[in-house]
Amino acid sequence: MDLFEGATTAAATDLGFATLAFDRAAWRRDDAVWQAAAMVDPEARFVAVCRDTPVLALDGGALNPLLSQARASDLGPAGDVLFLGLDEGAPRFALEIASQQFDSLKLREDIKLIDMRSIAMQGLFSPGIINAIGTAKAMLLWHNRHRFCSNCGVATAATSAGWKRRCQACNTEHFPRTDPVVIMLAVRGDQCLMGRAPQFPEGRYSCLAGFMEPGETIEDAVRREILEETGVRTGRVRYLSAQPWPFPSSLMIGCLAEATSSEITIDATELADARWFSREEVRQILRNEHPKGISAPPRMAIANHIMQIFADSN
């Protein structure tokens, strides 16, 4: 089987943040009358975030990420509100809770503050709801970091139901950013190249990754990042699938790259180690059975799925 002649791979159902929950209903974003009515719709629900952390209601022992307007209002002073879309016709919003409420929310028995990674890794909600929470987190953080115009420095104001900011002086429009990141396995025969970042847990190896630069194609970025981090040269590149990654606002672009050299020269500023793994070793790693205790990223990460595609090939 030639790994580089396959079609695009559909995102796995357990890939974190990659399953769209709602109809984005973008045509409603500039309808101020509709938005005002939607905000007070009895079926409206709010994904609340405080200090970059989702705020979850605890109802009879069950966690609920979709809060009614009354429940959301009870959390304290609010900031930005963003229209997420429609869930079978019912409006859904992201809501920023003022950061000074964080400590008091932690003390409440009817509220849980759980970080986004833990929510996704533990699969606390359906994939679509995890996507919505991740979108809310990323978008509200973007608003917090773009209060002022990069063109003239004057304060900006949110418009289009939170999907745009406009400068109040020069009228420059600012849109939410997504930072593209290539994440890939270099493959040579039945071996693949993986590395360890210094911050990884002990024994963890994963795909190489790096941010795309202006003027690059996906293929160019894949080849450059592998070469810079390990000295390995690559030729053909195959795109597999992608994963929104709200840490803070990236899009992980999963690929395979055909290695044309094998000698490794590690960039010590990026990696603690890099080595070639056989297909059987990767299978052991994914089963948590590697004799040296080497582990893979969790199933919610696209790196795990790229490794699985390699492990399943012949």
# chains A, B, ... in the order shown; residues from 1 in each chain; ligands from 1
$ residues_around --residues "region 59-76 of chain A" --least-positions-apart "3" --cutoff "9 Å" --atoms "only C-alpha atoms" --output "number ranges by chain"
A: 39-48, 54-56, 92, 95, 97-98, 101, 105, 110-112, 124-125, 129, 133
$ residues_around --residues "Arg188 (chain A)" --least-positions-apart "2" --cutoff "12 Å" --atoms "only C-alpha atoms" --output "number ranges by chain"
A: 2-4, 185-186, 190-194, 232-236, 256-263, 276-279, 310
$ closest_residue --among "A:Ile302, A:Ala221, A:Ile309, A:Ile266" --to "Val282 (chain A)" --atoms "only C-alpha atoms"
A:Ile309
$ select_by_dssp --residues "region 7-205 of chain A" --states "strand (DSSP E)" --output "PyMOL selection string"
chain A and resi 45-50+53-59+62-64+78-87+90-97+111-113+156-159+164-167+173-174+179-188+191-196
$ residues_around --residues "Ile294 (chain A)" --least-positions-apart "5" --cutoff "7 Å" --atoms "only C-alpha atoms" --output "PyMOL selection string"
chain A and resi 203-205+285
$ closest_residue --among "A:Ala120, A:Val187, A:Pro176, A:Arg108" --to "His146 (chain A)" --atoms "only C-alpha atoms"
A:Pro176
$ residues_around --residues "Ala38 (chain A)" --least-positions-apart "6" --cutoff "12 Å" --atoms "only C-alpha atoms" --output "ChimeraX atom specification"
/A:28-29,31-32,44-46,69,82-86,89-93,161
$ select_by_dssp --residues "region 166-228 of chain A" --states "helix (DSSP H, G or I)" --output "mmCIF file with N, CA and C atoms, in the first residue's frame"
data_model
loop_
_atom_site.group_PDB
_atom_site.id
_atom_site.type_symbol
_atom_site.label_atom_id
_atom_site.label_comp_id
_atom_site.auth_asym_id
_atom_site.auth_seq_id
_atom_site.Cartn_x
_atom_site.Cartn_y
_atom_site.Cartn_z
ATOM 1 N N ILE A 218 1.131 24.222 2.391
ATOM 2 C CA ILE A 218 1.172 23.185 3.425
ATOM 3 C C ILE A 218 2.365 22.271 3.201
ATOM 4 N N GLU A 219 2.579 21.872 1.941
ATOM 5 C CA GLU A 219 3.679 20.955 1.633
ATOM 6 C C GLU A 219 5.030 21.561 1.976
ATOM 7 N N ASP A 220 5.220 22.839 1.633
ATOM 8 C CA ASP A 220 6.487 23.506 1.941
ATOM 9 C C ASP A 220 6.726 23.562 3.446
ATOM 10 N N ALA A 221 5.675 23.865 4.200
ATOM 11 C CA ALA A 221 5.818 23.959 5.651
ATOM 12 C C ALA A 221 6.174 22.612 6.262
ATOM 13 N N VAL A 222 5.544 21.548 5.769
ATOM 14 C CA VAL A 222 5.854 20.200 6.253
ATOM 15 C C VAL A 222 7.324 19.881 6.026
ATOM 16 N N ARG A 223 7.790 20.105 4.809
ATOM 17 C CA ARG A 223 9.190 19.776 4.485
ATOM 18 C C ARG A 223 10.159 20.630 5.303
ATOM 19 N N ARG A 224 9.853 21.914 5.429
ATOM 20 C CA ARG A 224 10.749 22.807 6.164
ATOM 21 C C ARG A 224 10.838 22.427 7.635
ATOM 22 N N GLU A 225 9.696 22.182 8.275
ATOM 23 C CA GLU A 225 9.698 21.880 9.697
ATOM 24 C C GLU A 225 10.452 20.584 9.996
ATOM 25 N N ILE A 226 10.245 19.557 9.194
ATOM 26 C CA ILE A 226 10.963 18.299 9.406
ATOM 27 C C ILE A 226 12.464 18.504 9.241
ATOM 28 N N LEU A 227 12.845 19.249 8.202
ATOM 29 C CA LEU A 227 14.264 19.498 7.959
ATOM 30 C C LEU A 227 14.876 20.320 9.083
ATOM 31 N N GLU A 228 14.199 21.370 9.525
ATOM 32 C CA GLU A 228 14.742 22.234 10.570
ATOM 33 C C GLU A 228 14.894 21.493 11.896
#
